[in-house]
2 protein chains.
Amino acid sequence: MPTIRDLAREAGVGVGTASRVLSGHPHVAPATRARVQAAMERLGYRPSRVARALSKGRTQVLEVLVPLFTRYFYVEVLRGIEAALAATDYSLVIRTIERAADRDRAFADPCPRGHADGVLIVSLLPTAELIERLARAGCPAVLVDAEDARLPSIAVDHAAAAALAVHHLIALGHRRIGLIDHPEDPFAPVYPGGRYQGYRRALVEAGIAPRPEYELITDFSPEGGGAALERLLALAEPPTAVFVGSDTQAIGVLDTARRHGLRVPDDLAVVGYNDIELAQYLGLTTVRIPMREMGRRGVELLLTLLATDSPPPAAARLPAELVVRRTCGAARAGGAGMERSAL
Amino acid sequence: MPTIRDLAREAGVGVGTASRVLSGHPHVAPATRARVQAAMERLGYRPSRVARALSKGRTQVLEVLVPLFTRYFYVEVLRGIEAALAATDYSLVIRTIERAADRDRAFADPCPRGHADGVLIVSLLPTAELIERLARAGCPAVLVDAEDARLPSIAVDHAAAAALAVHHLIALGHRRIGLIDHPEDPFAPVYPGGRYQGYRRALVEAGIAPRPEYELITDFSPEGGGAALERLLALAEPPTAVFVGSDTQAIGVLDTARRHGLRVPDDLAVVGYNDIELAQYLGLTTVRIPMREMGRRGVELLLTLLATDSPPPAAARLPAELVVRRTCGAARAGGAGMERSAL
DNA sequence: TTGTAGGCGTTATCAG
DNA sequence: CTGATAACGCCTACAA
C-alpha cells in the first residue's frame, strides 16, 4: 500500500502539499493539485484512516450502545441512526448490551481512549462513573430513549404515551381496563414503570379506582401476553379492555382471546404499544413510538455537539401518537383495508 | 488524557516496560508489573486504540456490508455476527447499502486503507474491482449468503431450499402449485432466481408441467403477496397451493385468502420462506433459512483467515429446513399450540 | 528484566 | 504557494 510519501514522490511534490490536496485545502496551485490527483490515480492511493485519526485526534466514528440487537424497537432506532449518518462520512460501530456484564464492559471504556468521537446511548441509563469518564475524556454523548439531567437526550414520555391509550379506552366507555406489561430490562431501568404510571394516571383522572388484580407483568413475548390474558379472564369480573405494554405481547393476547371465543373488539378491546410493523396487519390499535425519529434526532444532536465548541446540552421529548385500528372498537366506518381483517 | 509516557513516569519505569505490561508481555518482573498497574489505576489511563492500530497495523475492527438494515433477514444475520463477535475483542462497524450508489461508495474503499482488519459481505455480490482491491490490500473478506469462486463464503442453496417447499406440497397431493416471489434486490442479484429454479426443478422432477401464469413476481411486502394471490385466484383454474418467496409476502397471501373466504390449508395450501419470528404465530409452514447461523459461521471463517497465515479459502453451504405448521395441511395431529391457531 | 530510539501514515506548523 | 519537520500515542527491536 502506497503511503503519502510515495504519493508525494510520484507527483514530484512534498508530503505537505500532497496532504493539502488530500484534505481539500485551498492554498494549492491548480496545476499542482492536478499532478497530485493524477499520481493518486496511478498509484491507487488511499489515505489511511487510522493515521489520519491519530494525527487529527478525530476518528470519524460514532459508537452506539444498544440493548438487544434483535428487538424490533432497537432495530428501528438503529435504522434511524444509520439513515442520519449515511449522508455524513461517519462510520458507525454498534455495541450490543445483552447482559449486565456487557454493560459494565462497554461502560468501562467508551470513546475515551477508544476509537469513537462520540457516543449514542440507547435505552440505557449511564452510570455516574460513565458520565464522569465521558466528561473527562471530552467525549460527547447523547441519550436516546432515556433521560438524565447531566446529558443531552432525545426521549419519549412513556407515561403520557400510555395514558393516551388508556384515555382512549375510557372514552370508548370502558371502565374495567387491564394492564399487561413487561418488566423493564434489569440492566436498563430507563423509565421505571413509565407505562404503569400512565395507566394509573389515566384511570385516576377518569375517577376509576385501580384494581391491583388487573395489573399484570409478564414476559416480553406473545406467550407472555397470552398467559396474562388467561389470568385476567379467570377473574370473577374480567376486564372489558386491556392495554398491553408491547405489540409483541399483544399478539399473544389477540390469539388467546380468539381461542377463548372472545370477539375483538366487541368482547375485549385491545390496545398495544410501539406500533411495530406487524401491528397494521393485525389491525392492532396501538401507540406509535417514534423509534426511527429518535435515532435520527439523536444523531443530529450528537453531530451538533461535535461541531460546536460550546456544547448546548438539550433535552427533547418527542410525542407519541395513538394509532386507531380494529382492535379497540373505534375504527372509522370507511376504508376496510387489509388492516381491518387479519384477525 | 494521560499517555503511555505519563504512565511510565508515574510508575517510574520506561515506556517500553509500560507498553509491555499493557500488552500482557511475559518478560516483566511481577513487582514492576504491579507498579505499572497501580499507576494505571491512579491515572485512569486507557491506551489509545488508534495509536495502537497505527503501530501494529491492526485495528481490531471488522466491517460488515449489508443491504437494507430493516429487513428481518439481515437483522438476523447481523445478530449472528454480533453474537459471534461478542466473545472477541473486535468491534463491529456496520455499513448499510440501500441504494446502488451506496454500494459503489462502500465498494470503492473497504478496509484497505480503512479502519477494518476484515470484511463480511452479506447478500451482496462484490465487483471484480472490489475483489482485486481487497486482495491487493491484503484485506480478508468473506461472503455471507452469497457465493463467488474467488472468495470464501457461507451460503445457502436457495434453489434446493425452495425445492424442499415445493416437493412437500407435491407430496401432499397438490398438482397446481403457484409461485409468488419477489425480485432480487437490483444491486444485489446474489442468487438470480434461486427460488424460481428450485420451484421449477421440483415440478419437473414430479412430472408436472410448469404453467407460466402460475409464476408471479411482486413487491416484497404483504400487500405485494396479497395482490399476487388476487391474480392467481382470478385464473380459470387457480392453484390449490402456493409457494411464497418470503414470509413477509405470505402474510398478505394468508390475509387475502381469508378475505376471499378460502380456508387455509383446505382450499389453499401456503408455504412461506425464511421462517421469520412471526411465522410461528401465523402457523405458517415455511422454509427455515439459518440466518443467524450464517452470520456466526461467517465471523468464524473471517477470524480464521485473520489468524492464519495461509488463508484456507473455503465455501460452506448450510442446509435449509422445512418447518411444517398449519398452512400446508400436513400438521401433525397432536400439539395444538398457539402456532396452530393464529389465523 | 528494562530503558531508549525509531517508525507507523497523517496533519499542522513554520520557514522559504 | 510549497517543502521540511515535528508531533500524534503506541509498539518493537536493540542495547544495556
# chains A, B, ... in the order shown; residues from 1 in each chain; ligands from 1
>>> interface_residues(of="chain D", to="chain A", cutoff="12 Å", atoms="only C-alpha atoms (C1' of nucleotides)", output="list in words")
DC1, DT2, DG3, DA4, DT5, DA6, DA7, DC8, DG9 and DC10 of chain D
>>> select_by_dssp(residues="stretch 109-164 of chain A", states="alpha helix (DSSP H)", output="PyMOL selection string")
chain A and resi 128-137+158-164
>>> closest_atom_pairs(of="chain A", to="chain B", cutoff="9 Å", atoms="only C-alpha atoms", output="Markdown table")
| residue | atom | partner | partner_atom | distance |
| --- | --- | --- | --- | --- |
| A:Met1 | CA | B:Ala137 | CA | 6.6 |
| A:Tyr45 | CA | B:Arg113 | CA | 8.6 |
| A:Arg46 | CA | B:Arg113 | CA | 5.7 |
| A:Pro47 | CA | B:Arg113 | CA | 6.0 |
| A:Ser48 | CA | B:Arg113 | CA | 4.6 |
| A:Arg49 | CA | B:Gly114 | CA | 5.3 |
| A:Val50 | CA | B:Val50 | CA | 5.9 |
| A:Ala51 | CA | B:Leu54 | CA | 6.0 |
| A:Ala53 | CA | B:Val50 | CA | 6.9 |
| A:Leu54 | CA | B:Val50 | CA | 6.0 |
| A:Thr59 | CA | B:Val50 | CA | 8.1 |
| A:Val61 | CA | B:Val93 | CA | 8.9 |
| A:Glu63 | CA | B:Val93 | CA | 8.9 |
| A:Phe69 | CA | B:Arg79 | CA | 6.4 |
| A:Thr70 | CA | B:Arg79 | CA | 6.6 |
| A:Val75 | CA | B:Thr70 | CA | 7.1 |
| A:Glu76 | CA | B:Thr70 | CA | 7.3 |
| A:Leu78 | CA | B:Phe69 | CA | 8.5 |
| A:Arg79 | CA | B:Phe69 | CA | 6.4 |
| A:Glu82 | CA | B:Thr96 | CA | 7.6 |
| A:Ala83 | CA | B:Thr96 | CA | 8.8 |
| A:Ala86 | CA | B:Thr96 | CA | 8.3 |
| A:Ser91 | CA | B:Val93 | CA | 6.8 |
| A:Leu92 | CA | B:Val93 | CA | 5.4 |
| A:Val93 | CA | B:Val93 | CA | 4.2 |
| A:Ile94 | CA | B:Leu92 | CA | 6.1 |
| A:Arg95 | CA | B:Leu92 | CA | 7.4 |
| A:Thr96 | CA | B:Glu82 | CA | 7.6 |
| A:Asp102 | CA | B:Ala86 | CA | 8.7 |
| A:Asp109 | CA | B:Arg46 | CA | 7.9 |
| A:Pro112 | CA | B:Arg46 | CA | 7.8 |
| A:Arg113 | CA | B:Ser48 | CA | 4.6 |
| A:Gly114 | CA | B:Arg49 | CA | 5.3 |
| A:His115 | CA | B:Arg49 | CA | 5.9 |
| A:Arg136 | CA | B:Met1 | CA | 7.9 |
| A:Ala137 | CA | B:Met1 | CA | 6.5 |
| A:Pro222 | CA | B:Tyr281 | CA | 8.4 |
| A:Glu223 | CA | B:Met338 | CA | 8.3 |
| A:Ile251 | CA | B:Tyr281 | CA | 8.0 |
| A:Gly252 | CA | B:Tyr281 | CA | 8.2 |
| A:Leu254 | CA | B:Ala342 | CA | 8.5 |
| A:Asp255 | CA | B:Ala342 | CA | 5.7 |
| A:Thr256 | CA | B:Met338 | CA | 8.1 |
| A:Arg258 | CA | B:Ala342 | CA | 8.2 |
| A:Arg259 | CA | B:Ser341 | CA | 7.6 |
| A:Leu278 | CA | B:Leu278 | CA | 8.6 |
| A:Tyr281 | CA | B:Ile251 | CA | 8.0 |
| A:Met338 | CA | B:Asp255 | CA | 7.3 |
| A:Ser341 | CA | B:Asp255 | CA | 7.3 |
| A:Ala342 | CA | B:Asp255 | CA | 5.7 |
| A:Leu343 | CA | B:Leu343 | CA | 6.4 |
>>> write_last_selection(atoms="N, CA and C atoms", output="short mmCIF file (atom, residue, chain, number, x, y, z; two decimals), in the first residue's frame")
data_model
loop_
_atom_site.label_atom_id
_atom_site.label_comp_id
_atom_site.auth_asym_id
_atom_site.auth_seq_id
_atom_site.Cartn_x
_atom_site.Cartn_y
_atom_site.Cartn_z
N MET A 1 0.84 -1.21 0.00
CA MET A 1 0.00 0.00 0.00
C MET A 1 0.88 1.26 0.00
N TYR A 45 -3.76 5.22 -4.70
CA TYR A 45 -3.51 5.61 -3.31
C TYR A 45 -4.80 5.89 -2.54
N ARG A 46 -4.88 5.38 -1.32
CA ARG A 46 -5.98 5.67 -0.40
C ARG A 46 -5.38 6.09 0.94
N PRO A 47 -5.77 7.21 1.45
CA PRO A 47 -5.20 7.63 2.74
C PRO A 47 -5.59 6.68 3.86
N SER A 48 -4.74 6.56 4.83
CA SER A 48 -5.00 5.69 5.98
C SER A 48 -5.87 6.42 6.99
N ARG A 49 -6.99 5.80 7.29
CA ARG A 49 -7.90 6.44 8.24
C ARG A 49 -7.31 6.48 9.64
N VAL A 50 -6.60 5.44 10.00
CA VAL A 50 -6.07 5.42 11.36
C VAL A 50 -4.99 6.47 11.53
N ALA A 51 -4.12 6.58 10.56
CA ALA A 51 -3.06 7.58 10.67
C ALA A 51 -3.69 8.97 10.76
N ALA A 53 -6.60 9.65 11.85
CA ALA A 53 -7.26 9.76 13.14
C ALA A 53 -6.26 10.11 14.24
N LEU A 54 -5.14 9.46 14.19
CA LEU A 54 -4.12 9.72 15.20
C LEU A 54 -3.65 11.16 15.12
N THR A 59 -11.69 10.40 14.84
CA THR A 59 -11.75 9.12 14.15
C THR A 59 -12.82 9.04 13.08
N VAL A 61 -15.73 8.25 13.67
CA VAL A 61 -16.53 7.08 14.03
C VAL A 61 -17.44 7.46 15.19
N GLU A 63 -20.09 5.75 18.06
CA GLU A 63 -20.41 4.46 18.65
C GLU A 63 -21.82 4.49 19.21
N PHE A 69 -29.97 -6.45 20.26
CA PHE A 69 -29.98 -6.16 18.84
C PHE A 69 -31.27 -6.59 18.16
N THR A 70 -31.82 -7.68 18.60
CA THR A 70 -32.93 -8.30 17.89
C THR A 70 -34.26 -7.58 18.02
N VAL A 75 -33.93 -2.07 16.65
CA VAL A 75 -33.56 -2.11 15.25
C VAL A 75 -34.07 -0.84 14.56
N GLU A 76 -35.26 -0.44 14.92
CA GLU A 76 -35.82 0.77 14.32
C GLU A 76 -35.02 2.01 14.71
N LEU A 78 -31.91 2.06 15.52
CA LEU A 78 -30.66 1.94 14.79
C LEU A 78 -30.83 2.37 13.34
N ARG A 79 -31.96 1.98 12.81
CA ARG A 79 -32.26 2.34 11.43
C ARG A 79 -32.26 3.86 11.27
N GLU A 82 -28.70 5.05 11.50
CA GLU A 82 -27.99 4.70 10.27
C GLU A 82 -28.35 5.68 9.15
N ALA A 83 -29.62 5.93 9.02
CA ALA A 83 -30.08 6.81 7.94
C ALA A 83 -29.50 8.21 8.10
N ALA A 86 -25.83 8.25 7.09
CA ALA A 86 -25.49 7.90 5.72
C ALA A 86 -24.99 9.11 4.95
N SER A 91 -18.53 6.70 10.34
CA SER A 91 -18.85 5.28 10.40
C SER A 91 -19.56 5.01 11.71
N LEU A 92 -20.20 3.88 11.75
CA LEU A 92 -20.99 3.54 12.93
C LEU A 92 -20.51 2.23 13.52
N VAL A 93 -20.06 2.25 14.75
CA VAL A 93 -19.79 0.96 15.39
C VAL A 93 -20.86 0.72 16.43
N ILE A 94 -21.41 -0.46 16.36
CA ILE A 94 -22.53 -0.83 17.20
C ILE A 94 -22.07 -1.80 18.28
N ARG A 95 -22.43 -1.50 19.50
CA ARG A 95 -22.11 -2.43 20.57
C ARG A 95 -23.39 -2.83 21.27
N THR A 96 -23.68 -4.12 21.24
CA THR A 96 -24.90 -4.61 21.86
C THR A 96 -24.66 -4.98 23.31
N ASP A 102 -22.04 -7.19 29.93
CA ASP A 102 -21.74 -6.44 28.72
C ASP A 102 -21.79 -4.95 29.01
N ASP A 109 -15.18 1.53 29.15
CA ASP A 109 -14.35 2.33 28.25
C ASP A 109 -15.07 2.60 26.95
N PRO A 112 -13.62 7.33 25.16
CA PRO A 112 -12.41 7.95 25.70
C PRO A 112 -11.15 7.66 24.91
N ARG A 113 -10.44 6.66 25.33
CA ARG A 113 -9.23 6.31 24.58
C ARG A 113 -9.63 5.45 23.39
N GLY A 114 -10.87 5.26 23.22
CA GLY A 114 -11.33 4.33 22.20
C GLY A 114 -11.23 4.93 20.81
N HIS A 115 -12.07 4.48 19.97
CA HIS A 115 -11.95 4.84 18.57
C HIS A 115 -13.12 5.68 18.09
N ARG A 136 -14.59 13.64 31.33
CA ARG A 136 -13.15 13.79 31.47
C ARG A 136 -12.45 13.59 30.13
N ALA A 137 -12.98 12.70 29.32
CA ALA A 137 -12.37 12.41 28.04
C ALA A 137 -12.83 13.40 26.97
N PRO A 222 -45.19 -13.05 22.87
CA PRO A 222 -46.61 -13.36 22.67
C PRO A 222 -47.12 -14.32 23.73
N GLU A 223 -46.32 -15.33 24.05
CA GLU A 223 -46.73 -16.29 25.08
C GLU A 223 -47.00 -15.57 26.40
N ILE A 251 -49.80 -9.59 20.46
CA ILE A 251 -50.04 -10.68 19.50
C ILE A 251 -50.60 -11.88 20.24
N GLY A 252 -49.97 -12.23 21.34
CA GLY A 252 -50.43 -13.37 22.13
C GLY A 252 -51.79 -13.10 22.76
N LEU A 254 -54.23 -11.26 21.51
CA LEU A 254 -55.25 -11.42 20.47
C LEU A 254 -55.51 -12.89 20.21
N ASP A 255 -54.42 -13.63 20.13
CA ASP A 255 -54.53 -15.04 19.82
C ASP A 255 -55.30 -15.78 20.91
N THR A 256 -54.94 -15.50 22.14
CA THR A 256 -55.61 -16.15 23.26
C THR A 256 -57.09 -15.75 23.33
N ARG A 258 -59.01 -14.98 20.90
CA ARG A 258 -59.70 -15.69 19.85
C ARG A 258 -59.95 -17.14 20.24
N ARG A 259 -58.96 -17.72 20.87
CA ARG A 259 -59.10 -19.12 21.28
C ARG A 259 -60.17 -19.28 22.35
N LEU A 278 -45.87 -5.20 12.14
CA LEU A 278 -46.93 -6.18 12.06
C LEU A 278 -48.28 -5.65 12.52
N TYR A 281 -51.10 -5.24 10.17
CA TYR A 281 -51.68 -6.43 9.56
C TYR A 281 -52.57 -7.18 10.54
N MET A 338 -56.76 -3.97 4.37
CA MET A 338 -56.23 -5.21 4.91
C MET A 338 -56.10 -5.12 6.42
N SER A 341 -58.66 -6.73 8.88
CA SER A 341 -59.20 -8.08 8.77
C SER A 341 -58.27 -9.22 9.15
N ALA A 342 -57.11 -8.93 9.54
CA ALA A 342 -56.17 -10.04 9.69
C ALA A 342 -56.52 -11.00 10.82
N LEU A 343 -57.22 -10.54 11.80
CA LEU A 343 -57.57 -11.50 12.86
C LEU A 343 -59.07 -11.62 13.02
#
>>> closest_atom_pairs(of="chain C", to="chain B", cutoff="8 Å", atoms="only C-alpha atoms (C1' of nucleotides)", output="JSON lines")
{"residue": "C:DT1", "atom": "C1'", "partner": "B:Val28", "partner_atom": "CA", "distance": 6.3}
{"residue": "C:DT2", "atom": "C1'", "partner": "B:Thr17", "partner_atom": "CA", "distance": 6.6}
{"residue": "C:DG3", "atom": "C1'", "partner": "B:Gly14", "partner_atom": "CA", "distance": 5.4}
{"residue": "C:DC8", "atom": "C1'", "partner": "B:Ser55", "partner_atom": "CA", "distance": 4.8}
{"residue": "C:DG9", "atom": "C1'", "partner": "B:Leu54", "partner_atom": "CA", "distance": 7.8}
>>> write_last_selection(atoms="C-alpha atoms (C1' of nucleotides)", output="PDB file, in the first residue's frame")
ATOM      1  C1'  DT C   1      14.481  -7.684  33.000  1.00  0.00           C
ATOM      2  C1'  DT C   2      14.424  -2.880  31.488  1.00  0.00           C
ATOM      3  C1'  DG C   3      15.208   1.674  29.013  1.00  0.00           C
ATOM      4  C1'  DC C   8       3.611   3.514  11.711  1.00  0.00           C
ATOM      5  C1'  DG C   9       0.986   7.484   7.957  1.00  0.00           C
TER       6       DG C   9
END
>>> residues_around(residues="A:Arg231", least_positions_apart="5", cutoff="10 Å", atoms="only C-alpha atoms (C1' of nucleotides)", output="list in words")
Glu213, Tyr214, Leu216, Gly226 and Pro238 of chain A
>>> select_by_dssp(residues="stretch 11-217 of chain B", states="strand (DSSP E)", output="JSON, numbers by chain")
{"B": [61, 62, 63, 64, 65, 66, 67, 91, 92, 93, 94, 95, 96, 97, 118, 119, 120, 121, 122, 141, 142, 143, 144, 153, 154, 155, 156, 177, 178, 179, 180, 181, 215, 216, 217]}
>>> write_last_selection(atoms="N, CA and C atoms", output="compact mmCIF listing (two decimals), in the first residue's frame")
# COMPACT_ATOMS: atom_id res chain seq x y z
N VAL B 61 -11.03 -4.12 14.30
CA VAL B 61 -12.37 -3.76 13.85
C VAL B 61 -12.72 -4.60 12.63
N LEU B 62 -13.93 -5.09 12.61
CA LEU B 62 -14.42 -5.81 11.44
C LEU B 62 -15.55 -5.00 10.83
N GLU B 63 -15.61 -5.02 9.53
CA GLU B 63 -16.65 -4.25 8.87
C GLU B 63 -17.63 -5.20 8.21
N VAL B 64 -18.91 -4.84 8.29
CA VAL B 64 -19.88 -5.65 7.57
C VAL B 64 -20.69 -4.78 6.63
N LEU B 65 -20.75 -5.25 5.41
CA LEU B 65 -21.53 -4.57 4.37
C LEU B 65 -22.84 -5.33 4.23
N VAL B 66 -23.95 -4.64 4.45
CA VAL B 66 -25.22 -5.34 4.43
C VAL B 66 -26.30 -4.48 3.77
N PRO B 67 -27.14 -5.07 2.96
CA PRO B 67 -28.21 -4.29 2.34
C PRO B 67 -29.36 -4.10 3.32
N SER B 91 -14.40 -4.92 17.37
CA SER B 91 -15.56 -4.07 17.25
C SER B 91 -16.18 -4.30 15.88
N LEU B 92 -17.41 -3.88 15.76
CA LEU B 92 -18.13 -4.11 14.52
C LEU B 92 -18.60 -2.80 13.93
N VAL B 93 -18.15 -2.50 12.73
CA VAL B 93 -18.76 -1.34 12.08
C VAL B 93 -19.65 -1.83 10.95
N ILE B 94 -20.84 -1.28 10.95
CA ILE B 94 -21.85 -1.74 10.01
C ILE B 94 -22.08 -0.69 8.95
N ARG B 95 -22.06 -1.11 7.72
CA ARG B 95 -22.35 -0.18 6.65
C ARG B 95 -23.53 -0.70 5.85
N THR B 96 -24.58 0.07 5.80
CA THR B 96 -25.78 -0.37 5.09
C THR B 96 -25.75 0.11 3.66
N ILE B 97 -26.19 -0.76 2.79
CA ILE B 97 -26.26 -0.42 1.38
C ILE B 97 -27.73 -0.37 0.99
N GLY B 118 -10.88 -6.74 8.43
CA GLY B 118 -11.52 -7.72 7.57
C GLY B 118 -12.94 -7.30 7.25
N VAL B 119 -13.49 -7.90 6.22
CA VAL B 119 -14.83 -7.51 5.79
C VAL B 119 -15.74 -8.71 5.65
N LEU B 120 -16.96 -8.52 6.09
CA LEU B 120 -18.02 -9.51 5.91
C LEU B 120 -19.00 -8.90 4.92
N ILE B 121 -19.20 -9.57 3.82
CA ILE B 121 -20.09 -9.04 2.80
C ILE B 121 -21.36 -9.88 2.78
N VAL B 122 -22.47 -9.27 3.16
CA VAL B 122 -23.71 -10.03 3.33
C VAL B 122 -24.68 -9.82 2.17
N ALA B 141 -11.72 -11.15 3.28
CA ALA B 141 -13.15 -10.90 3.14
C ALA B 141 -13.87 -12.22 3.04
N VAL B 142 -15.05 -12.29 3.61
CA VAL B 142 -15.86 -13.48 3.39
C VAL B 142 -17.27 -13.08 3.01
N LEU B 143 -17.82 -13.89 2.15
CA LEU B 143 -19.17 -13.69 1.66
C LEU B 143 -20.15 -14.45 2.54
N VAL B 144 -21.24 -13.79 2.88
CA VAL B 144 -22.29 -14.46 3.65
C VAL B 144 -23.58 -14.38 2.85
N SER B 153 -16.84 -18.36 1.45
CA SER B 153 -18.24 -17.99 1.64
C SER B 153 -19.00 -18.96 2.53
N ILE B 154 -20.07 -18.43 3.11
CA ILE B 154 -21.02 -19.23 3.87
C ILE B 154 -22.37 -18.95 3.24
N ALA B 155 -22.98 -19.95 2.67
CA ALA B 155 -24.21 -19.67 1.92
C ALA B 155 -25.26 -20.75 2.13
N VAL B 156 -26.35 -20.53 1.46
CA VAL B 156 -27.45 -21.48 1.48
C VAL B 156 -27.82 -21.75 0.03
N ILE B 177 -49.59 -25.78 -8.37
CA ILE B 177 -48.84 -25.05 -7.35
C ILE B 177 -48.33 -23.73 -7.91
N GLY B 178 -48.74 -22.64 -7.29
CA GLY B 178 -48.30 -21.33 -7.76
C GLY B 178 -47.02 -20.88 -7.07
N LEU B 179 -46.37 -19.90 -7.67
CA LEU B 179 -45.17 -19.30 -7.07
C LEU B 179 -45.39 -17.79 -6.95
N ILE B 180 -45.28 -17.29 -5.75
CA ILE B 180 -45.34 -15.85 -5.55
C ILE B 180 -44.00 -15.43 -4.97
N ASP B 181 -43.24 -14.73 -5.76
CA ASP B 181 -41.88 -14.42 -5.33
C ASP B 181 -41.65 -12.91 -5.40
N GLU B 215 -46.67 -18.26 -12.15
CA GLU B 215 -45.40 -17.75 -11.61
C GLU B 215 -45.40 -16.23 -11.56
N LEU B 216 -45.52 -15.70 -10.34
CA LEU B 216 -45.67 -14.25 -10.19
C LEU B 216 -44.52 -13.63 -9.37
N ILE B 217 -44.14 -12.45 -9.81
CA ILE B 217 -43.14 -11.70 -9.04
C ILE B 217 -43.79 -10.40 -8.57
>>> atom_distance(atom1="atom CA of A:Met40", atom2="atom CA of B:Ile131")
19.8 Å
>>> residues_around(residues="B:Cys328", least_positions_apart="4", cutoff="6 Å", atoms="only C-alpha atoms (C1' of nucleotides)", output="NGL selection string")
:B and (265 or 269-270 or 285)
>>> write_last_selection(atoms="C-alpha atoms", output="mmCIF file, in the first residue's frame")
data_model
loop_
_atom_site.group_PDB
_atom_site.id
_atom_site.type_symbol
_atom_site.label_atom_id
_atom_site.label_comp_id
_atom_site.auth_asym_id
_atom_site.auth_seq_id
_atom_site.Cartn_x
_atom_site.Cartn_y
_atom_site.Cartn_z
ATOM 1 C CA PRO B 265 -54.983 -25.061 4.196
ATOM 2 C CA ALA B 269 -52.128 -24.525 0.993
ATOM 3 C CA VAL B 270 -49.412 -21.971 1.660
ATOM 4 C CA THR B 285 -45.398 -23.555 7.147
#
